[in-house]
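work-v4.tsv follows; it contains TSV, C-alpha atoms and all ligand atoms.
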```tsv
chain	number	residue	atom	x	y	z
A	1	MET	CA	0.00	0.00	0.00
A	2	ALA	CA	1.15	3.51	-0.73
A	3	LEU	CA	-0.18	7.04	-0.73
A	4	LEU	CA	-0.10	8.63	-4.17
A	5	ASP	CA	0.36	12.32	-4.99
A	6	ILE	CA	-2.82	14.00	-6.22
A	7	LEU	CA	-2.50	16.44	-9.14
A	8	THR	CA	-4.21	19.80	-8.56
A	9	LEU	CA	-5.29	22.59	-10.90
A	10	PRO	CA	-3.82	24.31	-12.88
A	11	ASP	CA	-1.78	21.16	-13.70
A	12	THR	CA	-2.50	20.47	-17.38
A	13	LYS	CA	-1.87	16.74	-16.87
A	14	LEU	CA	-5.47	16.71	-15.55
A	15	LYS	CA	-6.54	17.24	-19.19
A	16	THR	CA	-5.04	13.90	-20.31
A	17	LYS	CA	-7.46	11.33	-21.73
A	18	ALA	CA	-7.18	7.92	-20.06
A	19	LYS	CA	-6.63	4.73	-22.07
A	20	GLN	CA	-8.63	1.52	-21.74
A	21	VAL	CA	-7.30	-1.01	-19.26
A	22	THR	CA	-6.40	-4.26	-21.05
A	23	ALA	CA	-4.24	-6.04	-18.43
A	24	PHE	CA	-6.11	-7.26	-15.34
A	25	ASP	CA	-2.97	-8.09	-13.41
A	26	ASP	CA	-1.27	-7.51	-10.03
A	27	GLN	CA	-0.16	-4.04	-11.12
A	28	LEU	CA	-3.82	-3.05	-11.63
A	29	SER	CA	-4.90	-4.34	-8.22
A	30	GLN	CA	-1.93	-2.54	-6.62
A	31	LEU	CA	-3.03	0.68	-8.33
A	32	CYS	CA	-6.62	0.24	-7.07
A	33	ASP	CA	-5.39	-0.43	-3.50
A	34	ASP	CA	-3.16	2.64	-3.58
A	35	MET	CA	-5.92	4.81	-5.03
A	36	LEU	CA	-8.37	3.69	-2.33
A	37	GLU	CA	-5.80	4.35	0.41
A	38	THR	CA	-5.11	7.80	-1.09
A	39	MET	CA	-8.83	8.59	-1.34
A	40	TYR	CA	-9.58	7.51	2.26
A	41	ALA	CA	-6.58	9.45	3.58
A	42	ALA	CA	-7.59	12.69	1.83
A	43	PRO	CA	-10.46	12.13	2.78
A	44	GLY	CA	-12.59	11.91	-0.35
A	45	ILE	CA	-15.48	9.91	-1.80
A	46	GLY	CA	-14.13	9.42	-5.32
A	47	LEU	CA	-10.81	9.37	-7.15
A	48	ALA	CA	-9.95	8.78	-10.81
A	49	ALA	CA	-6.55	7.46	-11.93
A	50	THR	CA	-6.04	10.67	-13.94
A	51	GLN	CA	-5.80	12.54	-10.62
A	52	VAL	CA	-2.78	10.48	-9.56
A	53	ASP	CA	-1.14	10.90	-12.99
A	54	VAL	CA	-1.99	7.38	-14.19
A	55	HIS	CA	-3.80	7.68	-17.50
A	56	GLN	CA	-5.80	4.49	-17.47
A	57	GLN	CA	-9.58	4.11	-17.10
A	58	VAL	CA	-9.72	3.33	-13.37
A	59	VAL	CA	-12.05	4.92	-10.78
A	60	VAL	CA	-12.41	4.23	-7.06
A	61	MET	CA	-15.27	5.47	-4.89
A	62	ASP	CA	-16.86	5.08	-1.48
A	63	ILE	CA	-20.02	7.07	-0.81
A	64	SER	CA	-21.07	5.04	2.26
A	65	GLU	CA	-21.61	6.79	5.59
A	66	ASP	CA	-18.96	4.72	7.39
A	67	SER	CA	-16.46	4.70	4.49
A	68	ASP	CA	-16.48	0.92	4.48
A	69	GLU	CA	-17.90	0.19	1.02
A	70	PRO	CA	-15.05	0.59	-1.48
A	71	MET	CA	-16.07	0.45	-5.15
A	72	VAL	CA	-13.76	-0.02	-8.13
A	73	PHE	CA	-14.80	0.69	-11.73
A	74	ILE	CA	-12.51	-0.29	-14.62
A	75	ASN	CA	-13.28	1.01	-18.13
A	76	PRO	CA	-16.56	2.62	-16.94
A	77	GLU	CA	-18.94	3.82	-19.62
A	78	ILE	CA	-22.31	5.55	-19.28
A	79	THR	CA	-24.74	3.85	-21.67
A	80	ALA	CA	-27.88	5.85	-20.83
A	81	SER	CA	-28.81	8.87	-18.73
A	82	GLU	CA	-32.04	10.51	-17.68
A	83	GLY	CA	-33.27	13.71	-16.05
A	84	THR	CA	-31.21	16.37	-14.30
A	85	GLN	CA	-30.04	17.09	-10.78
A	86	THR	CA	-27.87	19.79	-9.27
A	87	TYR	CA	-25.32	18.94	-6.61
A	88	GLU	CA	-22.69	21.00	-4.79
A	89	GLU	CA	-19.46	19.31	-5.91
A	90	GLY	CA	-15.87	19.44	-4.75
A	91	CYS	CA	-12.77	17.67	-6.00
A	92	LEU	CA	-9.47	16.56	-4.49
A	93	SER	CA	-7.78	18.18	-7.50
A	94	VAL	CA	-9.51	21.52	-6.78
A	95	PRO	CA	-9.00	21.82	-3.01
A	96	GLY	CA	-11.24	24.20	-1.07
A	97	ILE	CA	-13.50	25.00	-4.03
A	98	TYR	CA	-17.16	23.92	-4.17
A	99	ALA	CA	-19.76	24.73	-6.81
A	100	LYS	CA	-23.18	23.57	-7.95
A	101	VAL	CA	-23.05	21.42	-11.08
A	102	LYS	CA	-26.03	20.25	-13.15
A	103	ARG	CA	-25.80	16.63	-14.30
A	104	ALA	CA	-28.01	13.68	-15.24
A	105	ASN	CA	-30.25	12.46	-12.42
A	106	SER	CA	-29.78	8.77	-13.20
A	107	VAL	CA	-27.29	6.84	-15.32
A	108	SER	CA	-26.79	3.31	-16.60
A	109	LEU	CA	-23.19	2.24	-16.25
A	110	ARG	CA	-21.22	-0.55	-17.87
A	111	TYR	CA	-17.85	-1.37	-16.33
A	112	GLN	CA	-15.38	-4.12	-15.51
A	113	ASP	CA	-14.18	-5.25	-12.10
A	114	ILE	CA	-10.61	-5.88	-11.01
A	115	LYS	CA	-10.71	-9.35	-12.60
A	116	GLY	CA	-12.03	-8.09	-15.93
A	117	ASN	CA	-15.58	-9.38	-15.46
A	118	ASN	CA	-18.32	-7.22	-17.02
A	119	HIS	CA	-21.03	-5.53	-14.95
A	120	GLU	CA	-23.93	-3.14	-15.39
A	121	LEU	CA	-25.29	-0.76	-12.77
A	122	GLU	CA	-28.20	1.68	-12.50
A	123	ALA	CA	-27.39	4.68	-10.31
A	124	ASP	CA	-29.13	7.81	-9.12
A	125	GLY	CA	-28.58	10.45	-6.44
A	126	LEU	CA	-25.05	10.96	-5.12
A	127	LEU	CA	-23.77	7.73	-6.70
A	128	ALA	CA	-24.84	8.99	-10.15
A	129	VAL	CA	-23.19	12.38	-9.50
A	130	CYS	CA	-19.97	10.76	-8.34
A	131	ILE	CA	-19.82	8.37	-11.33
A	132	GLN	CA	-20.31	11.24	-13.79
A	133	HIS	CA	-17.71	13.39	-11.99
A	134	GLU	CA	-15.10	10.61	-12.01
A	135	ILE	CA	-15.73	9.53	-15.62
A	136	ASP	CA	-15.23	13.19	-16.59
A	137	HIS	CA	-11.71	13.00	-15.08
A	138	LEU	CA	-10.90	10.04	-17.34
A	139	LYS	CA	-11.83	12.29	-20.29
A	140	GLY	CA	-9.69	15.18	-19.01
A	141	ILE	CA	-12.66	17.17	-17.70
A	142	VAL	CA	-12.84	18.74	-14.21
A	143	PHE	CA	-16.09	19.94	-12.61
A	144	LEU	CA	-15.16	23.60	-13.08
A	145	ASP	CA	-15.42	22.98	-16.85
A	146	HIS	CA	-19.21	22.68	-16.35
A	147	LEU	CA	-19.50	26.21	-14.90
A	148	SER	CA	-19.99	29.49	-16.74
A	149	THR	CA	-16.80	31.31	-17.74
A	150	LEU	CA	-17.39	33.89	-15.00
A	151	LYS	CA	-17.92	31.30	-12.24
A	152	ARG	CA	-14.91	29.29	-13.44
A	153	LYS	CA	-12.70	32.39	-13.40
A	154	MET	CA	-13.88	33.27	-9.88
A	155	ALA	CA	-13.15	29.72	-8.70
A	156	MET	CA	-9.66	29.77	-10.26
A	157	LYS	CA	-8.94	33.17	-8.68
A	158	LYS	CA	-9.95	31.78	-5.25
A	159	LEU	CA	-7.88	28.63	-5.83
A	160	LEU	CA	-4.73	30.46	-6.92
A	161	GLY	CA	-5.22	33.55	-4.72
B	201	LIG	C1	-16.16	13.97	-6.30
B	201	LIG	O1	-14.87	14.61	-4.46
B	201	LIG	C2	-17.55	14.34	-5.89
B	201	LIG	O2	-12.00	20.59	-1.73
B	201	LIG	C3	-15.31	13.46	-5.16
B	201	LIG	O3	-10.47	20.44	0.47
B	201	LIG	C4	-17.81	15.43	-5.07
B	201	LIG	O4	-13.95	13.41	-2.82
B	201	LIG	C5	-18.60	13.62	-6.34
B	201	LIG	C6	-12.33	17.03	-1.04
B	201	LIG	C7	-19.11	15.74	-4.71
B	201	LIG	C8	-19.89	13.93	-5.98
B	201	LIG	C9	-20.14	14.98	-5.16
B	201	LIG	C10	-12.46	18.26	-1.66
B	201	LIG	C11	-11.54	16.95	0.11
B	201	LIG	C12	-12.95	15.80	-1.58
B	201	LIG	C13	-11.85	19.38	-1.14
B	201	LIG	C14	-14.16	14.49	-3.30
B	201	LIG	C15	-11.06	19.29	0.01
B	201	LIG	C16	-10.91	18.07	0.62
B	201	LIG	C17	-13.65	15.76	-2.73
B	202	CO	CO	-12.65	15.19	-8.95
```

Kindly present the structure from the file in structure tokens form.
Ligand code: QAP
Ligand code: CO
Amino acid sequence: MALLDILTLPDTKLKTKAKQVTAFDDQLSQLCDDMLETMYAAPGIGLAATQVDVHQQVVVMDISEDSDEPMVFINPEITASEGTQTYEEGCLSVPGIYAKVKRANSVSLRYQDIKGNNHELEADGLLAVCIQHEIDHLKGIVFLDHLSTLKRKMAMKKLLG
């Protein structure tokens, strides 16, 4: 187990697009373990590999009250989405900044587990928000990219100020 360094804005490496995972090996499970440890230590509820400068499609999450329900999503893909919801989001890569973001209310997700087995999941509420937020990271998108130019500039000024 090891704590990983988390990239923060304005690091342009956060704009990197992650590649599909093809090897379901010990190195992948080590990465997932380290990402979970890093997320719990922060503390946070979600972390994408992009944020620790590993550009592979790996996401870890735990939205449970007691932080005892780790989730790992490999090669996650949203196959359907419905409705809208607005949630006040934060991000370990944008420390101290919170803003309301409008996203789909519910999503259908296809993903693989650590062994490479395929799964599908229907999510709504906070789980749906978190999945969309983390999949954005794998595409090089941070939550501030969903804000108006003015709100994004104000957030960046606060972050860098
Ligand atoms: C993404 O965010 C998320 O600014 C995960 O100083 C957020 O874990 C998904 C954090 C909201 C859905 C809803 C942020 C910790 C953690 C900070 C996080 C900070 C310390 C953010
Ligand atoms: Co984030």

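Between CA of Ser81 in chain A and atom O4 of ligand LIG 201 (chain B) the interatomic distance comes to 22.2 Å.
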
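Atom to atom, CA of Ala80 in chain A and CA of Ser108 in chain A stand 5.1 Å apart.
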
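Atom pair CA of Cys130 in chain A / CA of Gly46 in chain A has a distance of 6.7 Å (rounded to one decimal).
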
> Which chains and residue numbers are within 8 Å of ligand CO 202 (chain B), counting only C-alpha atoms and all ligand atoms, if I want them as a PyMOL selection string?
Replying inline: chain A and resi 46-48+51+90-94+133-134+137+142-143

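Counting all atoms listed in the file and comparing A:Leu3, A:Leu126, A:Leu160, A:Ile63, the residue that lies closest to Ala42 in chain A is A:Leu3.
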
>> Given the point (-17.1, 5.0, 0.7) in the file's coordinates, find the residues that have an atom at most 12 Å from it, counting all atoms listed in the file, and give them as a PyMOL selection string.
In response: chain A and resi 36-37+39-41+43-47+60-72+126-127+130

List as a PDB file with C-alpha atoms, keeping the file's coordinate frame the protein and nucleic acid residues near range 13-25 of chain A, meaning an atom at most 12 Å away when all atoms listed in the file are counted, but skip any in the same chain fewer than 5 places from it.
```pdb
ATOM      1  CA  ILE A   6      -2.820  14.000  -6.220  1.00  0.00           C
ATOM      2  CA  LEU A   7      -2.500  16.440  -9.140  1.00  0.00           C
ATOM      3  CA  THR A   8      -4.210  19.800  -8.560  1.00  0.00           C
ATOM      4  CA  GLN A  30      -1.930  -2.540  -6.620  1.00  0.00           C
ATOM      5  CA  LEU A  31      -3.030   0.680  -8.330  1.00  0.00           C
ATOM      6  CA  CYS A  32      -6.620   0.240  -7.070  1.00  0.00           C
ATOM      7  CA  ALA A  48      -9.950   8.780 -10.810  1.00  0.00           C
ATOM      8  CA  ALA A  49      -6.550   7.460 -11.930  1.00  0.00           C
ATOM      9  CA  THR A  50      -6.040  10.670 -13.940  1.00  0.00           C
ATOM     10  CA  GLN A  51      -5.800  12.540 -10.620  1.00  0.00           C
ATOM     11  CA  VAL A  52      -2.780  10.480  -9.560  1.00  0.00           C
ATOM     12  CA  ASP A  53      -1.140  10.900 -12.990  1.00  0.00           C
ATOM     13  CA  VAL A  54      -1.990   7.380 -14.190  1.00  0.00           C
ATOM     14  CA  HIS A  55      -3.800   7.680 -17.500  1.00  0.00           C
ATOM     15  CA  GLN A  56      -5.800   4.490 -17.470  1.00  0.00           C
ATOM     16  CA  GLN A  57      -9.580   4.110 -17.100  1.00  0.00           C
ATOM     17  CA  VAL A  58      -9.720   3.330 -13.370  1.00  0.00           C
ATOM     18  CA  VAL A  59     -12.050   4.920 -10.780  1.00  0.00           C
ATOM     19  CA  PHE A  73     -14.800   0.690 -11.730  1.00  0.00           C
ATOM     20  CA  ILE A  74     -12.510  -0.290 -14.620  1.00  0.00           C
ATOM     21  CA  ASN A  75     -13.280   1.010 -18.130  1.00  0.00           C
ATOM     22  CA  PRO A  76     -16.560   2.620 -16.940  1.00  0.00           C
ATOM     23  CA  GLU A  77     -18.940   3.820 -19.620  1.00  0.00           C
ATOM     24  CA  LEU A  92      -9.470  16.560  -4.490  1.00  0.00           C
ATOM     25  CA  SER A  93      -7.780  18.180  -7.500  1.00  0.00           C
ATOM     26  CA  VAL A  94      -9.510  21.520  -6.780  1.00  0.00           C
ATOM     27  CA  TYR A 111     -17.850  -1.370 -16.330  1.00  0.00           C
ATOM     28  CA  GLN A 112     -15.380  -4.120 -15.510  1.00  0.00           C
ATOM     29  CA  ASP A 113     -14.180  -5.250 -12.100  1.00  0.00           C
ATOM     30  CA  ILE A 114     -10.610  -5.880 -11.010  1.00  0.00           C
ATOM     31  CA  LYS A 115     -10.710  -9.350 -12.600  1.00  0.00           C
ATOM     32  CA  GLY A 116     -12.030  -8.090 -15.930  1.00  0.00           C
ATOM     33  CA  ASN A 117     -15.580  -9.380 -15.460  1.00  0.00           C
ATOM     34  CA  GLU A 134     -15.100  10.610 -12.010  1.00  0.00           C
ATOM     35  CA  ILE A 135     -15.730   9.530 -15.620  1.00  0.00           C
ATOM     36  CA  ASP A 136     -15.230  13.190 -16.590  1.00  0.00           C
ATOM     37  CA  HIS A 137     -11.710  13.000 -15.080  1.00  0.00           C
ATOM     38  CA  LEU A 138     -10.900  10.040 -17.340  1.00  0.00           C
ATOM     39  CA  LYS A 139     -11.830  12.290 -20.290  1.00  0.00           C
ATOM     40  CA  GLY A 140      -9.690  15.180 -19.010  1.00  0.00           C
ATOM     41  CA  ILE A 141     -12.660  17.170 -17.700  1.00  0.00           C
ATOM     42  CA  VAL A 142     -12.840  18.740 -14.210  1.00  0.00           C
ATOM     43  CA  PHE A 143     -16.090  19.940 -12.610  1.00  0.00           C
ATOM     44  CA  ASP A 145     -15.420  22.980 -16.850  1.00  0.00           C
TER      45      ASP A 145
END
```

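Minimum atom-to-atom distance to Ala123 in chain A, evaluated using all atoms listed in the file, belongs to A:Thr79 out of A:Thr79, A:Ala99, A:Lys153, A:Ser148.
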
Take every atom of ligand LIG 201 (chain B) listed in the file, fit an axis-aligned box around them, add 5 Å per side, and give the centre and edge lengths in Å to one decimal as JSON.
```
{"center_x": -15.3, "center_y": 17.0, "center_z": -2.9, "size_x": 19.7, "size_y": 17.2, "size_z": 17.0}
```

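Nearest residue to ligand LIG 201 (chain B), choosing from A:Glu88, A:Leu144, A:Gly161, A:Lys151 and counting all atoms listed in the file: A:Glu88.
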
> From the list A:Leu28, A:Val129, A:Ile78, A:Met35, which residue is nearest ligand LIG 201 (chain B) when using only C-alpha atoms and all ligand atoms?
Replying inline: A:Val129

Taking the partial coordinates given, rebuild range 124-135 of chain A to contain all heavy atoms; return it as an mmCIF file, in the frame of the given file.
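Here's the written file result03.cif:
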```cif
data_model
loop_
_atom_site.group_PDB
_atom_site.id
_atom_site.type_symbol
_atom_site.label_atom_id
_atom_site.label_comp_id
_atom_site.auth_asym_id
_atom_site.auth_seq_id
_atom_site.Cartn_x
_atom_site.Cartn_y
_atom_site.Cartn_z
ATOM 1 N N ASP A 124 -28.569 6.462 -9.183
ATOM 2 C CA ASP A 124 -29.130 7.810 -9.120
ATOM 3 C C ASP A 124 -28.574 8.502 -7.874
ATOM 4 O O ASP A 124 -27.702 7.960 -7.192
ATOM 5 C CB ASP A 124 -30.662 7.806 -9.169
ATOM 6 C CG ASP A 124 -31.279 7.040 -8.002
ATOM 7 O OD1 ASP A 124 -30.544 6.708 -7.054
ATOM 8 O OD2 ASP A 124 -32.488 6.779 -8.039
ATOM 9 N N GLY A 125 -29.046 9.720 -7.611
ATOM 10 C CA GLY A 125 -28.580 10.450 -6.440
ATOM 11 C C GLY A 125 -27.084 10.689 -6.450
ATOM 12 O O GLY A 125 -26.479 10.863 -7.514
ATOM 13 N N LEU A 126 -26.479 10.654 -5.257
ATOM 14 C CA LEU A 126 -25.050 10.960 -5.120
ATOM 15 C C LEU A 126 -24.174 9.982 -5.908
ATOM 16 O O LEU A 126 -23.157 10.381 -6.477
ATOM 17 C CB LEU A 126 -24.668 10.937 -3.623
ATOM 18 C CG LEU A 126 -23.184 11.152 -3.305
ATOM 19 C CD1 LEU A 126 -22.690 12.502 -3.831
ATOM 20 C CD2 LEU A 126 -22.933 11.057 -1.799
ATOM 21 N N LEU A 127 -24.569 8.706 -5.949
ATOM 22 C CA LEU A 127 -23.770 7.730 -6.700
ATOM 23 C C LEU A 127 -23.685 8.124 -8.177
ATOM 24 O O LEU A 127 -22.602 8.076 -8.780
ATOM 25 C CB LEU A 127 -24.364 6.321 -6.541
ATOM 26 C CG LEU A 127 -23.620 5.189 -7.261
ATOM 27 C CD1 LEU A 127 -22.176 5.092 -6.798
ATOM 28 C CD2 LEU A 127 -24.342 3.852 -7.051
ATOM 29 N N ALA A 128 -24.821 8.563 -8.740
ATOM 30 C CA ALA A 128 -24.840 8.990 -10.150
ATOM 31 C C ALA A 128 -23.963 10.234 -10.351
ATOM 32 O O ALA A 128 -23.240 10.334 -11.349
ATOM 33 C CB ALA A 128 -26.271 9.253 -10.602
ATOM 34 N N VAL A 129 -24.018 11.168 -9.411
ATOM 35 C CA VAL A 129 -23.190 12.380 -9.500
ATOM 36 C C VAL A 129 -21.712 11.994 -9.487
ATOM 37 O O VAL A 129 -20.909 12.442 -10.318
ATOM 38 C CB VAL A 129 -23.472 13.364 -8.336
ATOM 39 C CG1 VAL A 129 -22.483 14.528 -8.358
ATOM 40 C CG2 VAL A 129 -24.900 13.883 -8.392
ATOM 41 N N CYS A 130 -21.361 11.142 -8.527
ATOM 42 C CA CYS A 130 -19.970 10.760 -8.340
ATOM 43 C C CYS A 130 -19.437 10.025 -9.585
ATOM 44 O O CYS A 130 -18.326 10.305 -10.047
ATOM 45 C CB CYS A 130 -19.841 9.896 -7.088
ATOM 46 S SG CYS A 130 -18.224 9.975 -6.353
ATOM 47 N N ILE A 131 -20.221 9.106 -10.127
ATOM 48 C CA ILE A 131 -19.820 8.370 -11.330
ATOM 49 C C ILE A 131 -19.557 9.339 -12.488
ATOM 50 O O ILE A 131 -18.541 9.236 -13.181
ATOM 51 C CB ILE A 131 -20.897 7.328 -11.710
ATOM 52 C CG1 ILE A 131 -20.833 6.136 -10.740
ATOM 53 C CG2 ILE A 131 -20.733 6.860 -13.153
ATOM 54 C CD1 ILE A 131 -22.038 5.204 -10.818
ATOM 55 N N GLN A 132 -20.472 10.287 -12.679
ATOM 56 C CA GLN A 132 -20.310 11.240 -13.790
ATOM 57 C C GLN A 132 -19.079 12.120 -13.572
ATOM 58 O O GLN A 132 -18.314 12.386 -14.511
ATOM 59 C CB GLN A 132 -21.570 12.095 -13.938
ATOM 60 C CG GLN A 132 -22.772 11.296 -14.416
ATOM 61 C CD GLN A 132 -24.059 12.111 -14.384
ATOM 62 O OE1 GLN A 132 -24.354 12.880 -15.303
ATOM 63 N NE2 GLN A 132 -24.850 11.955 -13.336
ATOM 64 N N HIS A 133 -18.871 12.558 -12.326
ATOM 65 C CA HIS A 133 -17.710 13.390 -11.990
ATOM 66 C C HIS A 133 -16.401 12.648 -12.265
ATOM 67 O O HIS A 133 -15.469 13.212 -12.856
ATOM 68 C CB HIS A 133 -17.820 13.794 -10.503
ATOM 69 C CG HIS A 133 -16.682 14.591 -9.967
ATOM 70 N ND1 HIS A 133 -16.830 15.891 -9.504
ATOM 71 C CD2 HIS A 133 -15.364 14.293 -9.790
ATOM 72 C CE1 HIS A 133 -15.658 16.339 -9.087
ATOM 73 N NE2 HIS A 133 -14.749 15.388 -9.241
ATOM 74 N N GLU A 134 -16.350 11.382 -11.856
ATOM 75 C CA GLU A 134 -15.100 10.610 -12.010
ATOM 76 C C GLU A 134 -14.848 10.211 -13.461
ATOM 77 O O GLU A 134 -13.695 10.233 -13.922
ATOM 78 C CB GLU A 134 -15.119 9.372 -11.101
ATOM 79 C CG GLU A 134 -15.295 9.652 -9.601
ATOM 80 C CD GLU A 134 -14.313 10.668 -9.050
ATOM 81 O OE1 GLU A 134 -13.219 10.833 -9.617
ATOM 82 O OE2 GLU A 134 -14.653 11.324 -8.044
ATOM 83 N N ILE A 135 -15.904 9.867 -14.197
ATOM 84 C CA ILE A 135 -15.730 9.530 -15.620
ATOM 85 C C ILE A 135 -15.262 10.770 -16.393
ATOM 86 O O ILE A 135 -14.435 10.666 -17.302
ATOM 87 C CB ILE A 135 -17.010 8.905 -16.210
ATOM 88 C CG1 ILE A 135 -17.186 7.490 -15.643
ATOM 89 C CG2 ILE A 135 -16.951 8.854 -17.742
ATOM 90 C CD1 ILE A 135 -18.428 6.769 -16.117
#
```
